[in-house]
>>> print(open('upload22.cif').read())   # mmCIF, C-alpha atoms (C1' of nucleotides)
data_my_file
#
loop_
_atom_site.label_atom_id
_atom_site.label_comp_id
_atom_site.auth_asym_id
_atom_site.auth_seq_id
_atom_site.Cartn_x
_atom_site.Cartn_y
_atom_site.Cartn_z
CA MET A 1 4.28 2.42 10.38
CA ALA A 2 0.66 2.67 9.45
CA ILE A 3 -0.62 5.46 7.28
CA ASP A 4 -0.89 8.51 9.50
CA ALA A 5 -2.67 10.57 6.90
CA TYR A 6 -5.58 8.14 7.14
CA ALA A 7 -5.57 7.68 10.89
CA ASP A 8 -6.16 11.38 11.55
CA LYS A 9 -9.40 11.45 9.67
CA ASN A 10 -12.62 11.06 11.57
CA CYS A 11 -13.90 8.27 9.39
CA SER A 12 -14.69 4.63 10.02
CA ILE A 13 -13.46 3.68 6.59
CA ALA A 14 -10.21 5.61 6.74
CA LYS A 15 -9.19 4.47 10.21
CA PRO A 16 -9.21 0.74 9.50
CA LEU A 17 -7.41 1.48 6.27
CA SER A 18 -4.61 3.20 8.15
CA PHE A 19 -3.19 -0.25 8.75
CA LEU A 20 -5.26 -2.52 6.48
CA GLY A 21 -4.44 -0.28 3.55
CA GLU A 22 -0.73 -0.90 3.69
CA ARG A 23 0.57 -3.06 0.94
CA TRP A 24 0.30 -6.82 1.64
CA THR A 25 -1.69 -6.49 4.84
CA LEU A 26 -5.02 -7.61 3.43
CA LEU A 27 -3.36 -10.53 1.70
CA VAL A 28 -1.75 -11.60 4.94
CA LEU A 29 -5.21 -11.48 6.41
CA ARG A 30 -6.56 -13.60 3.59
CA ASP A 31 -3.85 -16.15 4.35
CA LEU A 32 -4.80 -16.12 8.00
CA PHE A 33 -8.38 -16.94 7.06
CA LEU A 34 -7.05 -19.69 4.83
CA GLY A 35 -5.42 -21.23 7.85
CA ARG A 36 -1.86 -20.10 7.43
CA ARG A 37 -0.20 -19.00 10.63
CA ARG A 38 3.55 -19.06 10.25
CA PHE A 39 6.01 -16.53 8.93
CA ASP A 40 7.38 -18.73 6.22
CA GLN A 41 3.95 -19.79 5.07
CA PHE A 42 2.98 -16.19 4.47
CA GLN A 43 6.27 -15.46 2.85
CA GLU A 44 6.08 -18.37 0.49
CA SER A 45 2.46 -17.85 -0.41
CA LEU A 46 2.79 -14.13 -1.04
CA GLY A 47 6.36 -13.62 -2.15
CA VAL A 48 6.56 -10.54 0.03
CA ALA A 49 9.96 -9.31 1.23
CA THR A 50 10.69 -10.60 4.70
CA ASN A 51 11.37 -7.21 6.21
CA VAL A 52 8.01 -5.95 4.99
CA LEU A 53 6.28 -9.07 6.24
CA SER A 54 7.72 -8.83 9.71
CA GLN A 55 6.72 -5.19 9.89
CA ARG A 56 3.17 -6.00 8.80
CA LEU A 57 2.82 -8.80 11.31
CA ALA A 58 4.05 -6.46 14.01
CA THR A 59 1.43 -3.87 13.08
CA LEU A 60 -1.34 -6.45 12.95
CA THR A 61 -0.26 -7.62 16.38
CA GLU A 62 -0.25 -4.09 17.76
CA GLU A 63 -3.68 -3.46 16.33
CA GLY A 64 -5.00 -6.59 18.01
CA ILE A 65 -5.92 -8.32 14.77
CA VAL A 66 -3.63 -11.25 15.42
CA GLU A 67 -2.04 -12.75 18.46
CA ARG A 68 1.62 -13.65 18.33
CA ARG A 69 1.79 -16.93 20.10
CA ARG A 70 4.86 -18.94 21.07
CA TYR A 71 4.40 -22.54 20.12
CA SER A 72 7.90 -23.71 20.97
CA GLU A 73 10.30 -22.63 23.71
CA HIS A 74 13.59 -24.18 22.62
CA PRO A 75 14.07 -22.91 20.01
CA GLU A 76 11.63 -20.02 20.33
CA ARG A 77 9.07 -20.22 17.57
CA PHE A 78 6.03 -18.08 16.97
CA GLU A 79 2.80 -18.31 15.08
CA TYR A 80 0.11 -15.76 14.35
CA VAL A 81 -3.55 -16.42 14.95
CA LEU A 82 -6.56 -14.23 14.37
CA THR A 83 -8.22 -12.66 17.36
CA GLU A 84 -11.94 -12.05 17.47
CA LYS A 85 -11.29 -8.52 16.27
CA GLY A 86 -9.43 -10.00 13.35
CA ARG A 87 -12.06 -12.60 12.59
CA ASP A 88 -14.60 -9.79 12.47
CA LEU A 89 -12.87 -8.59 9.33
CA GLN A 90 -14.25 -11.61 7.51
CA PRO A 91 -17.03 -9.57 5.84
CA VAL A 92 -14.47 -7.26 4.27
CA LEU A 93 -12.66 -10.17 2.68
CA LEU A 94 -15.83 -11.93 1.64
CA ALA A 95 -17.10 -8.74 0.01
CA LEU A 96 -13.86 -8.36 -1.90
CA LEU A 97 -13.98 -12.01 -2.85
CA ALA A 98 -17.51 -11.75 -4.16
CA TRP A 99 -16.61 -8.76 -6.29
CA GLY A 100 -13.43 -10.38 -7.51
CA ASP A 101 -15.25 -13.55 -8.46
CA ARG A 102 -17.74 -11.54 -10.41
CA TYR A 103 -15.38 -9.22 -12.23
CA THR A 104 -11.96 -10.80 -12.34
CA ALA A 105 -12.45 -14.58 -12.40
CA GLU A 106 -12.81 -15.44 -16.08
CA LYS A 107 -12.36 -19.15 -15.50
CA GLY A 108 -14.62 -19.26 -12.50
CA PRO A 109 -13.68 -18.67 -8.89
CA PRO A 110 -10.29 -20.06 -7.85
CA LEU A 111 -11.71 -20.55 -4.38
CA GLU A 112 -15.21 -21.43 -3.32
CA VAL A 113 -16.47 -20.48 0.09
CA VAL A 114 -18.79 -23.01 1.57
CA HIS A 115 -21.63 -22.63 4.04
CA GLY A 116 -22.84 -25.96 5.33
CA ASP A 117 -22.88 -28.02 2.15
CA HIS A 118 -23.37 -25.31 -0.43
CA SER A 119 -20.94 -22.84 -1.90
CA PHE A 120 -22.12 -19.27 -1.71
CA HIS A 121 -21.18 -15.66 -1.98
CA ALA A 122 -21.76 -13.00 0.58
CA VAL A 123 -24.86 -10.84 0.26
CA GLN A 124 -25.43 -7.82 2.44
CA VAL A 125 -28.66 -7.09 4.20
CA CYS A 126 -29.82 -4.34 6.49
CA SER A 127 -29.17 -5.06 10.17
CA GLU A 128 -32.54 -3.56 11.09
CA CYS A 129 -35.05 -4.84 8.60
CA GLY A 130 -33.20 -7.66 6.89
CA GLU A 131 -33.84 -6.32 3.40
CA PRO A 132 -31.04 -6.61 0.86
CA ILE A 133 -28.97 -3.51 0.38
CA ASP A 134 -28.35 -2.30 -3.11
CA THR A 135 -26.76 0.82 -4.40
CA HIS A 136 -29.87 2.88 -4.62
CA ASN A 137 -31.64 2.37 -1.36
CA VAL A 138 -28.85 3.75 0.81
CA HIS A 139 -28.02 7.26 1.78
CA SER A 140 -26.15 8.74 4.69
CA ARG A 141 -26.15 11.45 7.33
CA PRO A 142 -23.81 12.66 10.04
CA GLY A 143 -23.71 10.38 13.06
CA PRO A 144 -23.08 11.10 16.75
CA GLY A 145 -19.33 11.03 16.21
CA ALA A 146 -19.37 13.61 13.42
CA ASP A 147 -17.30 16.75 13.82
CA GLU A 148 -18.41 20.27 12.95
CA GLU A 149 -17.28 20.11 9.39
CA GLN A 150 -18.93 16.76 8.78
CA ARG A 151 -22.15 18.14 10.20
CA ARG A 152 -22.08 21.09 7.86
CA ARG A 153 -21.54 19.13 4.70
CA GLN A 154 -24.68 17.27 3.68
CA PRO A 155 -23.39 13.80 3.14
CA ALA A 156 -24.85 11.65 0.44
CA TRP A 157 -24.29 8.06 -0.44
CA LEU A 158 -24.13 7.93 -4.20
CA GLY A 159 -25.07 11.44 -5.12
CA ARG A 160 -28.40 11.12 -3.28
CA MET B 1 0.77 1.40 -12.08
CA ALA B 2 -1.26 -0.99 -10.06
CA ILE B 3 0.45 -3.61 -7.96
CA ASP B 4 1.72 -6.26 -10.36
CA ALA B 5 2.71 -8.65 -7.63
CA TYR B 6 -0.96 -8.93 -6.72
CA ALA B 7 -2.38 -9.04 -10.22
CA ASP B 8 -0.44 -12.19 -11.11
CA LYS B 9 -2.00 -14.24 -8.39
CA ASN B 10 -4.95 -16.40 -9.21
CA CYS B 11 -7.07 -15.02 -6.42
CA SER B 12 -10.29 -13.04 -6.34
CA ILE B 13 -9.11 -11.10 -3.33
CA ALA B 14 -5.66 -10.27 -4.67
CA LYS B 15 -6.79 -9.16 -8.11
CA PRO B 16 -9.17 -6.43 -6.99
CA LEU B 17 -6.52 -5.31 -4.54
CA SER B 18 -4.03 -4.86 -7.35
CA PHE B 19 -5.63 -1.49 -7.94
CA LEU B 20 -7.89 -1.00 -4.90
CA GLY B 21 -4.94 -1.67 -2.63
CA GLU B 22 -2.94 1.30 -3.80
CA ARG B 23 -2.72 4.08 -1.30
CA TRP B 24 -5.70 6.49 -1.42
CA THR B 25 -7.74 4.51 -3.90
CA LEU B 26 -10.31 3.18 -1.46
CA LEU B 27 -10.70 6.61 0.04
CA VAL B 28 -11.33 8.10 -3.36
CA LEU B 29 -13.98 5.43 -3.75
CA ARG B 30 -15.50 6.39 -0.42
CA ASP B 31 -15.67 9.97 -1.64
CA LEU B 32 -17.35 8.85 -4.82
CA PHE B 33 -20.02 7.10 -2.78
CA LEU B 34 -20.38 10.25 -0.73
CA GLY B 35 -21.26 12.11 -3.90
CA ARG B 36 -17.97 13.80 -4.68
CA ARG B 37 -17.06 13.78 -8.32
CA ARG B 38 -14.50 16.46 -9.03
CA PHE B 39 -10.75 16.48 -8.80
CA ASP B 40 -10.56 19.33 -6.36
CA GLN B 41 -13.23 17.86 -4.14
CA PHE B 42 -11.22 14.70 -3.72
CA GLN B 43 -8.04 16.62 -3.24
CA GLU B 44 -9.49 18.88 -0.59
CA SER B 45 -11.27 16.12 1.25
CA LEU B 46 -8.31 13.75 1.30
CA GLY B 47 -5.25 15.97 1.26
CA VAL B 48 -3.66 13.63 -1.26
CA ALA B 49 -0.92 14.91 -3.54
CA THR B 50 -2.32 15.96 -6.89
CA ASN B 51 0.00 13.81 -8.98
CA VAL B 52 -1.01 10.74 -6.99
CA LEU B 53 -4.67 11.65 -7.27
CA SER B 54 -4.57 12.04 -11.01
CA GLN B 55 -2.76 8.72 -11.32
CA ARG B 56 -5.35 6.99 -9.14
CA LEU B 57 -8.25 8.45 -11.08
CA ALA B 58 -6.63 7.30 -14.30
CA THR B 59 -6.30 3.75 -12.97
CA LEU B 60 -9.88 3.72 -11.71
CA THR B 61 -10.98 4.88 -15.13
CA GLU B 62 -8.95 2.18 -16.89
CA GLU B 63 -10.39 -0.44 -14.61
CA GLY B 64 -13.89 0.67 -15.42
CA ILE B 65 -14.74 1.69 -11.87
CA VAL B 66 -15.44 5.28 -12.79
CA GLU B 67 -16.30 7.08 -15.96
CA ARG B 68 -14.44 10.27 -16.79
CA ARG B 69 -17.08 12.53 -18.12
CA ARG B 70 -16.67 15.95 -19.69
CA TYR B 71 -19.15 18.36 -18.22
CA SER B 72 -17.86 21.50 -19.91
CA GLU B 73 -16.31 22.03 -23.33
CA HIS B 74 -14.82 25.51 -23.09
CA PRO B 75 -12.87 25.21 -20.92
CA GLU B 76 -12.67 21.41 -20.83
CA ARG B 77 -13.70 20.16 -17.44
CA PHE B 78 -14.10 16.61 -16.24
CA GLU B 79 -15.87 14.79 -13.48
CA TYR B 80 -15.72 11.19 -12.33
CA VAL B 81 -18.79 9.09 -11.74
CA LEU B 82 -19.12 5.53 -10.57
CA THR B 83 -20.02 2.89 -13.12
CA GLU B 84 -22.10 -0.13 -12.18
CA LYS B 85 -18.88 -2.06 -11.68
CA GLY B 86 -17.80 0.65 -9.29
CA ARG B 87 -21.11 0.79 -7.47
CA ASP B 88 -20.86 -2.95 -6.94
CA LEU B 89 -17.95 -2.26 -4.63
CA GLN B 90 -20.38 -0.82 -2.13
CA PRO B 91 -20.35 -3.98 0.03
CA VAL B 92 -16.60 -3.67 0.48
CA LEU B 93 -16.93 -0.15 1.80
CA LEU B 94 -19.95 -0.95 3.94
CA ALA B 95 -18.12 -3.90 5.47
CA LEU B 96 -15.13 -1.72 6.28
CA LEU B 97 -17.45 0.94 7.66
CA ALA B 98 -19.24 -1.52 9.90
CA TRP B 99 -15.96 -2.80 11.30
CA GLY B 100 -14.60 0.70 11.72
CA ASP B 101 -17.73 1.84 13.53
CA ARG B 102 -17.43 -1.08 15.88
CA TYR B 103 -13.72 -0.89 16.63
CA THR B 104 -12.49 2.61 15.94
CA ALA B 105 -15.40 4.99 16.58
CA GLU B 106 -15.16 5.80 20.27
CA LYS B 107 -17.59 8.70 20.06
CA GLY B 108 -20.04 6.85 17.89
CA PRO B 109 -20.06 6.65 14.12
CA PRO B 110 -19.07 9.84 12.30
CA LEU B 111 -21.38 8.82 9.50
CA GLU B 112 -24.62 6.91 9.60
CA VAL B 113 -25.79 4.95 6.63
CA VAL B 114 -29.52 4.98 6.21
CA HIS B 115 -31.86 2.47 4.65
CA GLY B 116 -35.34 3.88 4.18
CA ASP B 117 -35.86 5.70 7.45
CA HIS B 118 -33.55 3.74 9.73
CA SER B 119 -29.82 3.81 10.10
CA PHE B 120 -28.19 0.43 9.84
CA HIS B 121 -25.03 -1.48 9.39
CA ALA B 122 -24.33 -4.12 6.81
CA VAL B 123 -24.80 -7.75 7.77
CA GLN B 124 -23.76 -10.58 5.50
CA VAL B 125 -25.93 -13.55 4.70
CA CYS B 126 -25.48 -16.59 2.52
CA SER B 127 -26.61 -16.07 -1.07
CA GLU B 128 -28.09 -19.56 -1.14
CA CYS B 129 -29.89 -20.08 2.12
CA GLY B 130 -30.10 -16.57 3.54
CA GLU B 131 -28.59 -17.56 6.87
CA PRO B 132 -26.20 -15.11 8.52
CA ILE B 133 -22.54 -15.86 7.97
CA ASP B 134 -20.29 -15.89 10.95
CA THR B 135 -16.70 -16.87 11.32
CA HIS B 136 -17.28 -20.47 12.20
CA ASN B 137 -19.79 -21.70 9.68
CA VAL B 138 -17.62 -21.02 6.65
CA HIS B 139 -14.94 -23.08 5.06
CA SER B 140 -13.54 -23.23 1.57
CA ARG B 141 -12.44 -25.49 -1.25
CA PRO B 142 -10.84 -25.06 -4.66
CA GLY B 143 -13.23 -23.73 -7.28
CA PRO B 144 -13.38 -24.27 -11.04
CA GLY B 145 -10.79 -21.54 -11.62
CA ALA B 146 -8.21 -23.08 -9.27
CA ASP B 147 -4.81 -23.98 -10.65
CA GLU B 148 -2.87 -27.14 -9.89
CA GLU B 149 -1.18 -25.82 -6.83
CA GLN B 150 -4.40 -24.49 -5.38
CA ARG B 151 -6.01 -27.85 -5.94
CA ARG B 152 -3.22 -29.64 -4.09
CA ARG B 153 -3.32 -27.47 -1.04
CA GLN B 154 -6.38 -28.21 1.06
CA PRO B 155 -7.75 -24.77 1.64
CA ALA B 156 -9.41 -23.92 4.87
CA TRP B 157 -11.26 -20.87 5.95
CA LEU B 158 -10.15 -20.20 9.49
CA GLY B 159 -8.12 -23.26 10.25
CA ARG B 160 -11.09 -25.46 9.31
"C1'" DG C 1 -6.26 43.66 -16.19
"C1'" DA C 2 -5.87 40.99 -12.17
"C1'" DA C 3 -7.32 37.34 -9.61
"C1'" DG C 4 -9.59 33.12 -9.58
"C1'" DT C 5 -11.09 28.20 -11.02
"C1'" DG C 6 -10.47 23.40 -12.35
"C1'" DA C 7 -7.79 19.77 -13.80
"C1'" DC C 8 -4.05 18.77 -14.13
"C1'" DT C 9 1.87 18.11 -15.15
"C1'" DT C 10 6.68 18.55 -13.83
"C1'" DG C 11 10.61 18.45 -10.77
"C1'" DT C 12 12.69 17.26 -6.61
"C1'" DG C 13 13.50 15.01 -2.11
"C1'" DA C 14 11.80 11.70 1.41
"C1'" DA C 15 9.76 7.46 2.62
"C1'" DA C 16 8.43 2.85 1.69
"C1'" DA C 17 9.06 -1.48 -0.62
"C1'" DG C 18 11.98 -5.07 -2.80
"C1'" DA C 19 16.08 -8.10 -3.14
"C1'" DA C 20 19.70 -10.34 -1.05
"C1'" DA C 21 22.39 -11.73 2.57
"C1'" DG C 22 23.20 -12.86 7.28
"C1'" DC C 23 22.04 -14.46 12.11
"C1'" DC C 24 20.62 -17.32 15.98
"C1'" DA C 25 19.10 -21.29 18.35
"C1'" DC C 26 18.18 -25.12 17.64
"C1'" DT C 27 17.13 -30.41 15.16
"C1'" DG C 28 18.32 -34.21 12.55
"C1'" DC C 29 21.40 -36.66 9.44
"C1'" DT C 30 26.03 -38.94 8.39
"C1'" DA D 1 31.81 -34.19 15.55
"C1'" DG D 2 30.53 -31.75 11.62
"C1'" DC D 3 27.26 -29.96 8.34
"C1'" DA D 4 22.74 -29.01 6.29
"C1'" DG D 5 18.34 -27.54 7.31
"C1'" DT D 6 14.46 -24.95 9.72
"C1'" DG D 7 11.96 -20.92 11.41
"C1'" DG D 8 11.68 -16.29 12.36
"C1'" DC D 9 13.52 -12.93 11.82
"C1'" DT D 10 17.34 -8.27 11.08
"C1'" DT D 11 20.52 -5.57 8.27
"C1'" DT D 12 22.07 -3.37 4.17
"C1'" DC D 13 21.39 -1.69 -0.26
"C1'" DT D 14 18.69 -0.49 -4.45
"C1'" DT D 15 14.47 0.73 -6.66
"C1'" DT D 16 9.89 2.38 -6.63
"C1'" DT D 17 6.41 5.07 -4.84
"C1'" DC D 18 4.81 9.03 -2.50
"C1'" DA D 19 4.74 13.82 -0.92
"C1'" DC D 20 5.41 18.69 -1.46
"C1'" DA D 21 5.82 22.72 -4.11
"C1'" DA D 22 5.48 25.07 -8.15
"C1'" DG D 23 3.85 25.85 -12.71
"C1'" DT D 24 0.51 25.48 -16.84
"C1'" DC D 25 -3.51 26.23 -19.68
"C1'" DA D 26 -7.89 27.72 -20.99
"C1'" DC D 27 -10.93 29.96 -19.59
"C1'" DT D 28 -14.51 33.14 -16.12
"C1'" DT D 29 -15.56 36.65 -12.81
"C1'" DC D 30 -14.57 40.95 -10.41
#
>>> encode(input="upload22.cif", output="structure tokens")
Amino acid sequence: MAIDAYADKNCSIAKPLSFLGERWTLLVLRDLFLGRRRFDQFQESLGVATNVLSQRLATLTEEGIVERRRYSEHPERFEYVLTEKGRDLQPVLLALLAWGDRYTAEKGPPLEVVHGDHSFHAVQVCSECGEPIDTHNVHSRPGPGADEEQRRRQPAWLGR
Amino acid sequence: MAIDAYADKNCSIAKPLSFLGERWTLLVLRDLFLGRRRFDQFQESLGVATNVLSQRLATLTEEGIVERRRYSEHPERFEYVLTEKGRDLQPVLLALLAWGDRYTAEKGPPLEVVHGDHSFHAVQVCSECGEPIDTHNVHSRPGPGADEEQRRRQPAWLGR
DNA sequence: GAAGTGACTTGTGAAAAGAAAGCCACTGCT
DNA sequence: AGCAGTGGCTTTCTTTTCACAAGTCACTTC
């Protein structure tokens, strides 16, 4: 389970993808944000094979993204709810949603996300100065967690 | 190629994932943002099998995320560069990166993204009012592109 | 002329995903 | 009392995808 070839890399994009990048996982997460919490709800909404679904839910539980919670003792019944760690993935889904609305939703967005009383899309700004981030005002450099090889290679973000 | 079971869904998260969700694709995209543009650069950096890599690059080209550009005639040599549509995926990668830095980078971020002279992480704000978006001030409703079934189901974002 | 380079393709086996059926501990209906 | 239904799975089997190794082609450099 999980994609080992990703997990080995020293990269904050690859590591999350070692489990998020498995087929269906991000759609299960979408369903969790949409309020679904039970096995059969995911299964029905996604049409995923049940063996795959139970494996994905197990991985998400192991990774601390969801909590598997018993909501009935006799018979034993479980539901899955997002943890804080899981809820913190919201920006990833909202970013995907914004892109999808822009490039794949010919008839307009199937789903509107609402903030207060207005529908919106997610816009990214710099955590330090609050300015919007676009493609051309970002570059990159090795951080404290970089290994030797990463330090040698001059990283760029978008060809610098 | 591409994940048909995703592409059929009327969902702006599922549709992008029909090609982005294939194994390796998002890491190829990361490499593109890091300035890599040639087949062997991707292959070396990722360790992906060459047949898979060439298939992924073909799909990304078809989807208009990258442009396959000949940079030498004799012999024919190609490189891959992000289109605007591809560059617009930056928020997805930055969101993943921010989460990965927070939850998977024990020794600090391997890579710092820099805006002007300061390193930063991506923060999402509302496109309409500029307020930061957190988990609890978002909900959802069917949009103009929703189908019958989506209209029936009351959607929630996080259990409403 | 021999070894490399860059962008692949082809062939094969292993791993993952999909489809279908079954199971277990109930509840609720007749 | 018997039977269908529910919810959360597991097991088995088939199909698809992925990985690994090798080979190709049109050059260029040593």
>>> resolve_selection(input="upload22.cif", expression="the PyMOL selection byres ((chain D) within 9 of (chain B))", output="PDB file with C-alpha atoms (C1' of nucleotides), in the frame of the given file")
ATOM      1  C1'  DC D  18       4.810   9.030  -2.500  1.00  0.00           C
ATOM      2  C1'  DA D  19       4.740  13.820  -0.920  1.00  0.00           C
ATOM      3  C1'  DC D  20       5.410  18.690  -1.460  1.00  0.00           C
ATOM      4  C1'  DA D  26      -7.890  27.720 -20.990  1.00  0.00           C
ATOM      5  C1'  DC D  27     -10.930  29.960 -19.590  1.00  0.00           C
TER       6       DC D  27
END
>>> residues_around(input="upload22.cif", residues="range 89-98 of chain A", least_positions_apart="5", cutoff="8 Å", atoms="all atoms listed in the file", output="PyMOL selection string")
(chain A and resi 30+33+121-122) or (chain B and resi 12-13+16+89+91-93+95-96+99+124+135)
>>> write_last_selection(input="upload22.cif", atoms="C-alpha atoms", output="PDB file, in the frame of the given file")
ATOM      1  CA  ARG A  30      -6.560 -13.600   3.590  1.00  0.00           C
ATOM      2  CA  PHE A  33      -8.380 -16.940   7.060  1.00  0.00           C
ATOM      3  CA  HIS A 121     -21.180 -15.660  -1.980  1.00  0.00           C
ATOM      4  CA  ALA A 122     -21.760 -13.000   0.580  1.00  0.00           C
TER       5      ALA A 122
ATOM      6  CA  SER B  12     -10.290 -13.040  -6.340  1.00  0.00           C
ATOM      7  CA  ILE B  13      -9.110 -11.100  -3.330  1.00  0.00           C
ATOM      8  CA  PRO B  16      -9.170  -6.430  -6.990  1.00  0.00           C
ATOM      9  CA  LEU B  89     -17.950  -2.260  -4.630  1.00  0.00           C
ATOM     10  CA  PRO B  91     -20.350  -3.980   0.030  1.00  0.00           C
ATOM     11  CA  VAL B  92     -16.600  -3.670   0.480  1.00  0.00           C
ATOM     12  CA  LEU B  93     -16.930  -0.150   1.800  1.00  0.00           C
ATOM     13  CA  ALA B  95     -18.120  -3.900   5.470  1.00  0.00           C
ATOM     14  CA  LEU B  96     -15.130  -1.720   6.280  1.00  0.00           C
ATOM     15  CA  TRP B  99     -15.960  -2.800  11.300  1.00  0.00           C
ATOM     16  CA  GLN B 124     -23.760 -10.580   5.500  1.00  0.00           C
ATOM     17  CA  THR B 135     -16.700 -16.870  11.320  1.00  0.00           C
TER      18      THR B 135
END
>>> residues_around(input="upload22.cif", residues="Ala58 in chain A", least_positions_apart="6", cutoff="12 Å", atoms="only C-alpha atoms (C1' of nucleotides)", output="ChimeraX atom specification")
/A:1-2,19,25,28,39,51-52,64-68,79-80 /D:9
>>> write_last_selection(input="upload22.cif", atoms="C-alpha atoms (C1' of nucleotides)", output="JSON list (two decimals), keeping the file's coordinate frame")
[["chain", "number", "residue", "atom", "x", "y", "z"],
["A", 1, "MET", "CA", 4.28, 2.42, 10.38],
["A", 2, "ALA", "CA", 0.66, 2.67, 9.45],
["A", 19, "PHE", "CA", -3.19, -0.25, 8.75],
["A", 25, "THR", "CA", -1.69, -6.49, 4.84],
["A", 28, "VAL", "CA", -1.75, -11.60, 4.94],
["A", 39, "PHE", "CA", 6.01, -16.53, 8.93],
["A", 51, "ASN", "CA", 11.37, -7.21, 6.21],
["A", 52, "VAL", "CA", 8.01, -5.95, 4.99],
["A", 64, "GLY", "CA", -5.00, -6.59, 18.01],
["A", 65, "ILE", "CA", -5.92, -8.32, 14.77],
["A", 66, "VAL", "CA", -3.63, -11.25, 15.42],
["A", 67, "GLU", "CA", -2.04, -12.75, 18.46],
["A", 68, "ARG", "CA", 1.62, -13.65, 18.33],
["A", 79, "GLU", "CA", 2.80, -18.31, 15.08],
["A", 80, "TYR", "CA", 0.11, -15.76, 14.35],
["D", 9, "DC", "C1'", 13.52, -12.93, 11.82]]
>>> resolve_selection(input="upload22.cif", expression="the PyMOL selection byres ((chain C and resi 21-27) around 10)", output="short mmCIF file (atom, residue, chain, number, x, y, z; two decimals) with C-alpha atoms (C1' of nucleotides), in the frame of the given file")
data_model
loop_
_atom_site.label_atom_id
_atom_site.label_comp_id
_atom_site.auth_asym_id
_atom_site.auth_seq_id
_atom_site.Cartn_x
_atom_site.Cartn_y
_atom_site.Cartn_z
CA HIS A 74 13.59 -24.18 22.62
CA PRO A 75 14.07 -22.91 20.01
CA GLU A 76 11.63 -20.02 20.33
"C1'" DA C 19 16.08 -8.10 -3.14
"C1'" DA C 20 19.70 -10.34 -1.05
"C1'" DG C 28 18.32 -34.21 12.55
"C1'" DC C 29 21.40 -36.66 9.44
"C1'" DG D 5 18.34 -27.54 7.31
"C1'" DT D 6 14.46 -24.95 9.72
"C1'" DG D 7 11.96 -20.92 11.41
"C1'" DG D 8 11.68 -16.29 12.36
"C1'" DC D 9 13.52 -12.93 11.82
"C1'" DT D 10 17.34 -8.27 11.08
"C1'" DT D 11 20.52 -5.57 8.27
"C1'" DT D 12 22.07 -3.37 4.17
#
>>> closest_residue(input="upload22.cif", among="C:DA17, C:DT30, C:DT5, C:DT12", to="chain A", atoms="all atoms listed in the file")
C:DA17
>>> atom_distance(input="upload22.cif", atom1="CA of Asp4 in chain B", atom2="CA of Leu53 in chain A")
17.4 Å
>>> interface_residues(input="upload22.cif", of="chain C", to="chain B", cutoff="8 Å", atoms="all atoms listed in the file", output="ChimeraX atom specification")
/C:6-9
>>> closest_residue(input="upload22.cif", among="A:Ser140, A:Ser72, A:Ser18, A:Thr61", to="chain B", atoms="only C-alpha atoms")
A:Ser140
>>> closest_residue(input="upload22.cif", among="B:Val123, B:Leu20, B:Leu46, B:Cys129", to="chain A", atoms="only C-alpha atoms")
B:Val123
>>> axis_aligned_box(input="upload22.cif", around="range 64-76 of chain B", padding_each_side="3 Å", output="AutoDock Vina command-line options")
--center_x -15.9 --center_y 13.1 --center_z -17.6 --size_x 12.5 --size_y 30.8 --size_z 17.5
>>> atom_distance(input="upload22.cif", atom1="CA of Arg69 in chain B", atom2="CA of Glu106 in chain A")
28.4 Å
